[in-house]
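One structure is given below, encoded as structure tokens.
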Amino acid sequence: MAAKQGASTTTYSPRIIARTRPPIFKDFDLDWTRPDGRGFHQCRPALLQTGAVSSVSGSAYAEFGNTKVIVSVFGPRESKKATSYSDVGRLNCNVSYTTFAAPALGSQETDHKEYSSMLHKALEGVIMMATFQKTTFDVFALVLESGGSDLPVVISRASLALADAGIMMYDLITAVSVVCSCYNNCTNYSALSLNLISVR
Amino acid sequence: MTEMVTPGDVLGNAAEFKAGKGAYVNDNTIYASLTGSRRVVSPLPDSLDQRATVEVTGHKAHGLIPEPGSLVLARVTKVIARMASVDILCVGSKAVREKFAGVIRQQDVRETEIDKVEIHQSFRPGDIVRAMVLSLGDSRAYYLSTAKNELGVVSAESAAGETMVPISWTEMQCPLSGQTEQRKVAKVA
């Protein structure tokens, strides 16, 4: 389960494997084009790079279409003197947006506390905390441009940056966001169930 | 065998290999936990377990923290009644990115007559000291020890500003002024 590093910026489509289950999407669903011109099965062009920031322990930069995220990892470094002794390591996460990340932001606060705690929950299960006792890792994610699906890109880049920093982990994390949408006219109310989902 | 692996990659079967550094065992399979190259170390001929050890050597010197039993190089920052505060600069032979706080207590300075140790005559602020990590210590500092012949002050500056030359296990001399100052000197082989 290794992540792609330094992939070229071409669009790719996943292989359609023959399934025994009936397909979830009907034929007329597949003609639907997304707002940015992609087909139903097309993924956004991706660029992934580690070691983008030289002065930190580990870093990862990713571009998925219009979403650009850079994650830096500081550590292991000493916990602040005010905190108590801890047998296992600690993790601090911070996700922030630049003021130019999305047109609607501007004067909104740039620190995203909800994403920070979700990133923390995602990372704390995969890092071997017992290998860096008494020390702290700081993970800073900066969203340079928000083109949708920000949190999954942040989570998967954070795990790449931690692997780049040389911290022991059980595995690399991949994340995806799913959206339940209904297009055309919703005369068929079963379309509102989770059967009709699209993956960004 | 220089095969690059990332965390989560399968390294082998637990029946054939033992998990070394950078690897962990889950459900009879050995997975990598670091990014680096996969290496197989053959077992010692007289060990009971004749499985080879598979480990991952990191491609960068990262994630370095002081561990109990490791040798460190530290700079003395503060000298008070019964201990010396130091900043750990290197662990083993590699420099750490951000310094860690350490402390050398009076009873850990030397092996003999530990209750008669004068900290001020063993270390001074600014000295570079080679020490061994005793334990993780408390929340504020690691506990270090210089209680061996090869541990102690490696380099020190005299009052005149010159790097001093060691002349015995307890004294160093300034080449400029000729004054001797007392330190717990490390035996450099």
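Each chain in the structure tokens gets a letter, A, B and so on, in the order shown; residues start at 1 in every chain, and ligands are counted from 1 in the order they appear.
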Quick check: residues of chain A within 7 Å of chain B, only C-alpha atoms, returned as a PDB file with N, CA, C and O atoms, in the first residue's frame.
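Once everything was written out, this is selection.pdb:
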ATOM      1  N   MET A   1       0.848  -1.212   0.000  1.00  0.00           N
ATOM      2  CA  MET A   1       0.000   0.000   0.000  1.00  0.00           C
ATOM      3  C   MET A   1       0.865   1.236   0.000  1.00  0.00           C
ATOM      4  O   MET A   1       0.747   2.080   0.839  1.00  0.00           O
ATOM      5  N   ALA A   2       1.744   1.375  -0.984  1.00  0.00           N
ATOM      6  CA  ALA A   2       2.642   2.527  -1.001  1.00  0.00           C
ATOM      7  C   ALA A   2       2.006   3.659  -1.776  1.00  0.00           C
ATOM      8  O   ALA A   2       1.289   3.436  -2.748  1.00  0.00           O
ATOM      9  N   SER A  57      11.673  18.440   9.550  1.00  0.00           N
ATOM     10  CA  SER A  57      12.003  17.019   9.573  1.00  0.00           C
ATOM     11  C   SER A  57      11.406  16.281   8.387  1.00  0.00           C
ATOM     12  O   SER A  57      12.039  15.410   7.812  1.00  0.00           O
ATOM     13  N   PRO A  76      11.109  14.626  16.062  1.00  0.00           N
ATOM     14  CA  PRO A  76      10.587  14.720  17.415  1.00  0.00           C
ATOM     15  C   PRO A  76      11.309  15.796  18.216  1.00  0.00           C
ATOM     16  O   PRO A  76      12.514  15.920  18.143  1.00  0.00           O
ATOM     17  N   ARG A  77      10.535  16.598  18.900  1.00  0.00           N
ATOM     18  CA  ARG A  77      11.194  17.587  19.726  1.00  0.00           C
ATOM     19  C   ARG A  77      10.595  17.558  21.116  1.00  0.00           C
ATOM     20  O   ARG A  77       9.584  16.930  21.349  1.00  0.00           O
ATOM     21  N   GLU A  78      11.275  18.281  22.001  1.00  0.00           N
ATOM     22  CA  GLU A  78      10.884  18.207  23.407  1.00  0.00           C
ATOM     23  C   GLU A  78       9.483  18.737  23.617  1.00  0.00           C
ATOM     24  O   GLU A  78       9.105  19.742  23.046  1.00  0.00           O
ATOM     25  N   LYS A  81       7.819  22.502  28.608  1.00  0.00           N
ATOM     26  CA  LYS A  81       8.158  22.204  29.991  1.00  0.00           C
ATOM     27  C   LYS A  81       6.927  22.149  30.882  1.00  0.00           C
ATOM     28  O   LYS A  81       6.924  21.510  31.914  1.00  0.00           O
ATOM     29  N   SER A  84       3.075  17.479  31.464  1.00  0.00           N
ATOM     30  CA  SER A  84       3.527  16.428  32.378  1.00  0.00           C
ATOM     31  C   SER A  84       4.268  15.343  31.602  1.00  0.00           C
ATOM     32  O   SER A  84       4.212  15.280  30.381  1.00  0.00           O
ATOM     33  N   TYR A  85       4.938  14.481  32.345  1.00  0.00           N
ATOM     34  CA  TYR A  85       5.690  13.389  31.753  1.00  0.00           C
ATOM     35  C   TYR A  85       4.730  12.420  31.068  1.00  0.00           C
ATOM     36  O   TYR A  85       3.631  12.172  31.547  1.00  0.00           O
ATOM     37  N   ALA A 163       6.032   9.836   7.121  1.00  0.00           N
ATOM     38  CA  ALA A 163       6.938   8.798   6.630  1.00  0.00           C
ATOM     39  C   ALA A 163       8.244   9.416   6.176  1.00  0.00           C
ATOM     40  O   ALA A 163       9.320   8.849   6.355  1.00  0.00           O
ATOM     41  N   ALA A 165       9.563  12.015   7.508  1.00  0.00           N
ATOM     42  CA  ALA A 165      10.286  12.447   8.696  1.00  0.00           C
ATOM     43  C   ALA A 165      10.940  11.287   9.418  1.00  0.00           C
ATOM     44  O   ALA A 165      11.670  11.501  10.373  1.00  0.00           O
ATOM     45  N   GLY A 166      10.686  10.074   8.990  1.00  0.00           N
ATOM     46  CA  GLY A 166      11.342   8.933   9.615  1.00  0.00           C
ATOM     47  C   GLY A 166      10.679   8.464  10.877  1.00  0.00           C
ATOM     48  O   GLY A 166      11.311   7.850  11.723  1.00  0.00           O
ATOM     49  N   ILE A 167       9.410   8.743  11.057  1.00  0.00           N
ATOM     50  CA  ILE A 167       8.719   8.295  12.248  1.00  0.00           C
ATOM     51  C   ILE A 167       8.061   6.953  11.959  1.00  0.00           C
ATOM     52  O   ILE A 167       7.572   6.716  10.867  1.00  0.00           O
ATOM     53  N   MET A 168       8.099   6.048  12.940  1.00  0.00           N
ATOM     54  CA  MET A 168       7.608   4.694  12.714  1.00  0.00           C
ATOM     55  C   MET A 168       6.091   4.668  12.668  1.00  0.00           C
ATOM     56  O   MET A 168       5.425   5.129  13.585  1.00  0.00           O
ATOM     57  N   MET A 169       5.550   4.125  11.588  1.00  0.00           N
ATOM     58  CA  MET A 169       4.102   4.051  11.438  1.00  0.00           C
ATOM     59  C   MET A 169       3.708   2.634  11.050  1.00  0.00           C
ATOM     60  O   MET A 169       4.515   1.874  10.544  1.00  0.00           O
ATOM     61  N   TYR A 170       2.446   2.312  11.268  1.00  0.00           N
ATOM     62  CA  TYR A 170       1.977   0.995  10.876  1.00  0.00           C
ATOM     63  C   TYR A 170       1.736   0.925   9.376  1.00  0.00           C
ATOM     64  O   TYR A 170       1.890  -0.125   8.760  1.00  0.00           O
ATOM     65  N   ASP A 171       1.329   2.024   8.780  1.00  0.00           N
ATOM     66  CA  ASP A 171       0.992   2.023   7.370  1.00  0.00           C
ATOM     67  C   ASP A 171       0.843   3.456   6.895  1.00  0.00           C
ATOM     68  O   ASP A 171       0.790   4.376   7.701  1.00  0.00           O
ATOM     69  N   LEU A 172       0.740   3.642   5.582  1.00  0.00           N
ATOM     70  CA  LEU A 172       0.429   4.969   5.054  1.00  0.00           C
ATOM     71  C   LEU A 172      -1.085   5.112   4.966  1.00  0.00           C
ATOM     72  O   LEU A 172      -1.792   4.146   4.719  1.00  0.00           O
TER      73      LEU A 172
END
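By chain and then residue number, the residues within 10 Å of Glu162 of chain B are Ala156, Glu157, Gln173, Cys174, Pro175, Leu176 and Ser177 of chain B, counting only C-alpha atoms and disregarding those fewer than 5 positions away in sequence.
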Please produce, as a tab-separated table, a per-residue contact table for segment 33-118 of chain A versus segment 139-143 of chain A (criterion: any atom at most 12 Å away, only C-alpha atoms considered), showing the nearest atom pair and its distance in Å to one decimal, sorted by chain then residue number.
residue	atom	partner	partner_atom	distance
A:Val53	CA	A:Phe140	CA	12.0
A:Val56	CA	A:Val139	CA	10.5
A:Ser57	CA	A:Val139	CA	10.3
A:Gly58	CA	A:Val139	CA	9.4
A:Ser59	CA	A:Val139	CA	9.3
A:Ala60	CA	A:Ala141	CA	9.5
A:Tyr61	CA	A:Leu142	CA	9.7
A:Ala62	CA	A:Val143	CA	9.9
A:Glu63	CA	A:Val143	CA	10.2
A:Phe64	CA	A:Val143	CA	11.8
A:Asn66	CA	A:Val143	CA	10.9
A:Thr67	CA	A:Val143	CA	7.8
A:Lys68	CA	A:Val143	CA	6.1
A:Val69	CA	A:Val143	CA	4.5
A:Ile70	CA	A:Leu142	CA	5.4
A:Val71	CA	A:Ala141	CA	4.2
A:Ser72	CA	A:Phe140	CA	5.3
A:Val73	CA	A:Val139	CA	4.6
A:Phe74	CA	A:Val139	CA	6.4
A:Gly75	CA	A:Val139	CA	8.8
A:Pro76	CA	A:Val139	CA	10.7
A:Arg77	CA	A:Val139	CA	11.9
A:Arg90	CA	A:Val139	CA	10.9
A:Leu91	CA	A:Val139	CA	7.5
A:Asn92	CA	A:Val139	CA	6.0
A:Cys93	CA	A:Val139	CA	4.8
A:Asn94	CA	A:Phe140	CA	5.0
A:Val95	CA	A:Ala141	CA	4.7
A:Ser96	CA	A:Leu142	CA	5.1
A:Tyr97	CA	A:Val143	CA	4.8
A:Thr98	CA	A:Val143	CA	6.3
A:Thr99	CA	A:Val143	CA	9.6
A:Phe100	CA	A:Val143	CA	9.6
A:Ala101	CA	A:Val143	CA	6.7
A:Ala102	CA	A:Val143	CA	9.6
A:Thr110	CA	A:Leu142	CA	9.6
A:Asp111	CA	A:Leu142	CA	9.4
A:His112	CA	A:Leu142	CA	10.1
A:Lys113	CA	A:Ala141	CA	11.8
A:Tyr115	CA	A:Ala141	CA	9.9
A:Ser116	CA	A:Ala141	CA	8.7
A:Ser117	CA	A:Val139	CA	11.6
I need the chosen residues saved as a PDB file, in the first residue's frame, with C-alpha atoms.
ATOM      1  CA  VAL A  53      10.500  22.071   2.699  1.00  0.00           C
ATOM      2  CA  VAL A  56      11.809  20.689   8.681  1.00  0.00           C
ATOM      3  CA  SER A  57      12.003  17.019   9.573  1.00  0.00           C
ATOM      4  CA  GLY A  58       9.545  15.932   6.907  1.00  0.00           C
ATOM      5  CA  SER A  59       7.201  17.514   4.429  1.00  0.00           C
ATOM      6  CA  ALA A  60       4.869  16.633   1.590  1.00  0.00           C
ATOM      7  CA  TYR A  61       3.262  18.737  -1.123  1.00  0.00           C
ATOM      8  CA  ALA A  62       0.293  17.660  -3.201  1.00  0.00           C
ATOM      9  CA  GLU A  63      -1.772  19.078  -6.006  1.00  0.00           C
ATOM     10  CA  PHE A  64      -5.016  17.367  -6.937  1.00  0.00           C
ATOM     11  CA  ASN A  66      -7.190  22.775  -7.984  1.00  0.00           C
ATOM     12  CA  THR A  67      -6.538  21.603  -4.422  1.00  0.00           C
ATOM     13  CA  LYS A  68      -3.002  22.434  -3.324  1.00  0.00           C
ATOM     14  CA  VAL A  69      -1.839  21.406   0.125  1.00  0.00           C
ATOM     15  CA  ILE A  70       1.551  21.453   1.836  1.00  0.00           C
ATOM     16  CA  VAL A  71       2.178  19.592   5.095  1.00  0.00           C
ATOM     17  CA  SER A  72       5.245  20.044   7.318  1.00  0.00           C
ATOM     18  CA  VAL A  73       6.224  17.861  10.254  1.00  0.00           C
ATOM     19  CA  PHE A  74       8.417  19.147  13.066  1.00  0.00           C
ATOM     20  CA  GLY A  75       9.955  16.671  15.428  1.00  0.00           C
ATOM     21  CA  PRO A  76      10.587  14.720  17.415  1.00  0.00           C
ATOM     22  CA  ARG A  77      11.194  17.587  19.726  1.00  0.00           C
ATOM     23  CA  ARG A  90       2.378  13.314  21.643  1.00  0.00           C
ATOM     24  CA  LEU A  91       0.970  14.684  18.432  1.00  0.00           C
ATOM     25  CA  ASN A  92      -0.127  18.248  17.697  1.00  0.00           C
ATOM     26  CA  CYS A  93      -2.034  18.920  14.506  1.00  0.00           C
ATOM     27  CA  ASN A  94      -2.930  22.206  12.938  1.00  0.00           C
ATOM     28  CA  VAL A  95      -4.754  22.744   9.670  1.00  0.00           C
ATOM     29  CA  SER A  96      -4.916  26.272   8.361  1.00  0.00           C
ATOM     30  CA  TYR A  97      -6.056  27.927   5.197  1.00  0.00           C
ATOM     31  CA  THR A  98      -4.330  30.801   3.476  1.00  0.00           C
ATOM     32  CA  THR A  99      -6.457  33.889   2.998  1.00  0.00           C
ATOM     33  CA  PHE A 100      -6.344  33.389  -0.766  1.00  0.00           C
ATOM     34  CA  ALA A 101      -7.307  29.685  -0.659  1.00  0.00           C
ATOM     35  CA  ALA A 102     -10.891  30.128  -1.748  1.00  0.00           C
ATOM     36  CA  THR A 110      -7.607  30.840   8.829  1.00  0.00           C
ATOM     37  CA  ASP A 111      -7.249  28.116  11.487  1.00  0.00           C
ATOM     38  CA  HIS A 112      -9.604  25.237  10.878  1.00  0.00           C
ATOM     39  CA  LYS A 113     -10.135  23.659  14.283  1.00  0.00           C
ATOM     40  CA  TYR A 115     -10.148  19.667  10.449  1.00  0.00           C
ATOM     41  CA  SER A 116      -7.283  19.798  12.936  1.00  0.00           C
ATOM     42  CA  SER A 117      -9.037  17.487  15.356  1.00  0.00           C
TER      43      SER A 117
END
Mind the document's chain letters and residue numbers, and return as a list in words the residues of segment 41-186 of chain A that DSSP labels alpha helix (DSSP H).
-> Lys113, Glu114, Tyr115, Ser116, Ser117, Met118, Leu119, His120, Lys121, Ala122, Leu123, Glu124, Asp150, Leu151, Pro152, Val153, Val154, Ile155, Ser156, Arg157, Ala158, Ser159, Leu160, Ala161, Leu162, Ala163 and Asp164 of chain A
For Gly126 of chain B, the nearest of the candidates B:Met4, B:Val54, B:Val188, B:Val153, counting only C-alpha atoms | B:Val153
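Distance annotation: of B:Leu44, B:Val129, B:Ala95, B:Ala19, the residue with the minimal separation from Ala74 of chain B is B:Val129; atom set is only C-alpha atoms.
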Pick out the closest residue to Met83 of chain B from this set: B:Ser42, B:Gly69, B:Leu48, B:His120. Count only C-alpha atoms.
-> B:His120
Mind checking DSSP for segment 58-189 of chain B and telling me the strand (DSSP E or B) residues as a PyMOL selection string?
-> chain B and resi 58+71-80+83-91+94-105+128-135+142-145+152-155+157+163+165-166+171-173+180-182+185
Find the residues around Gln133 of chain A up to 6 Å (only C-alpha atoms counted), leave out those fewer than 3 positions away in its own chain, and share them as an mmCIF file with N, CA, C and O atoms, in the first residue's frame.
data_model
loop_
_atom_site.group_PDB
_atom_site.id
_atom_site.type_symbol
_atom_site.label_atom_id
_atom_site.label_comp_id
_atom_site.auth_asym_id
_atom_site.auth_seq_id
_atom_site.Cartn_x
_atom_site.Cartn_y
_atom_site.Cartn_z
ATOM 1 N N ASP A 87 4.595 8.620 28.897
ATOM 2 C CA ASP A 87 5.303 7.434 28.429
ATOM 3 C C ASP A 87 5.258 7.271 26.917
ATOM 4 O O ASP A 87 6.100 6.623 26.327
ATOM 5 N N VAL A 88 4.250 7.847 26.308
ATOM 6 C CA VAL A 88 4.121 7.728 24.866
ATOM 7 C C VAL A 88 4.319 9.102 24.255
ATOM 8 O O VAL A 88 4.285 10.120 24.940
ATOM 9 N N GLY A 89 4.506 9.143 22.968
ATOM 10 C CA GLY A 89 4.712 10.414 22.295
ATOM 11 C C GLY A 89 3.420 11.193 22.181
ATOM 12 O O GLY A 89 2.332 10.690 22.412
ATOM 13 N N ALA A 130 4.643 4.640 20.997
ATOM 14 C CA ALA A 130 5.561 4.156 22.028
ATOM 15 C C ALA A 130 7.019 4.286 21.621
ATOM 16 O O ALA A 130 7.903 4.139 22.454
#
Nearby residues (only C-alpha atoms) at most 6 Å from segment 146-148 of chain B, same-chain spacing under 6 positions excluded, as JSON, numbers by chain = {"B": [108, 109, 110, 111, 131]}
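Non-sequential neighbours of Arg39 of chain B (distance at most 7 Å, separation of 2 or more positions within a chain, only C-alpha atoms) are B:Met1, B:Ser37, B:Val41, B:Val54, B:Glu55, B:Val56.
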Taking all heavy atoms for each residue, export the selection above as a compact mmCIF listing (two decimals), in the first residue's frame.
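Dumped everything to result-v4.txt:
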# COMPACT_ATOMS: atom_id res chain seq x y z
N MET B 1 20.66 -6.35 -1.33
CA MET B 1 19.22 -6.21 -1.61
C MET B 1 18.80 -4.79 -1.27
O MET B 1 18.47 -4.50 -0.14
CB MET B 1 18.45 -7.20 -0.72
CG MET B 1 18.04 -8.43 -1.48
SD MET B 1 16.68 -9.25 -0.65
CE MET B 1 17.57 -10.16 0.60
N SER B 37 15.47 1.24 2.84
CA SER B 37 15.79 0.03 2.08
C SER B 37 15.71 -1.19 2.98
O SER B 37 16.06 -1.15 4.16
CB SER B 37 17.16 0.11 1.43
OG SER B 37 17.90 1.18 1.95
N VAL B 41 19.56 -9.49 7.69
CA VAL B 41 20.76 -9.76 8.48
C VAL B 41 20.73 -11.23 8.85
O VAL B 41 19.77 -11.71 9.42
CB VAL B 41 20.76 -8.88 9.75
CG1 VAL B 41 21.97 -9.19 10.60
CG2 VAL B 41 20.74 -7.43 9.36
N VAL B 54 14.99 -9.27 9.35
CA VAL B 54 14.77 -8.33 8.27
C VAL B 54 14.52 -6.96 8.89
O VAL B 54 13.79 -6.82 9.87
CB VAL B 54 13.58 -8.78 7.38
CG1 VAL B 54 12.28 -8.80 8.15
CG2 VAL B 54 13.47 -7.91 6.16
N GLU B 55 15.24 -5.95 8.40
CA GLU B 55 15.09 -4.61 8.97
C GLU B 55 15.07 -3.58 7.85
O GLU B 55 15.42 -3.87 6.71
CB GLU B 55 16.23 -4.32 9.94
CG GLU B 55 17.60 -4.40 9.30
CD GLU B 55 18.70 -4.14 10.31
OE1 GLU B 55 18.52 -4.46 11.49
OE2 GLU B 55 19.73 -3.61 9.90
N VAL B 56 14.63 -2.38 8.23
CA VAL B 56 14.56 -1.28 7.27
C VAL B 56 15.53 -0.22 7.73
O VAL B 56 15.41 0.30 8.83
CB VAL B 56 13.14 -0.70 7.20
CG1 VAL B 56 13.08 0.43 6.20
CG2 VAL B 56 12.15 -1.79 6.81
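The interatomic distance for the pair atom CA of Glu124 of chain A and atom CA of Asn28 of chain B works out to 23.9 Å.
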Between atom CA of Pro152 of chain A and atom CA of Asp138 of chain A lies a distance of 18.7 Å
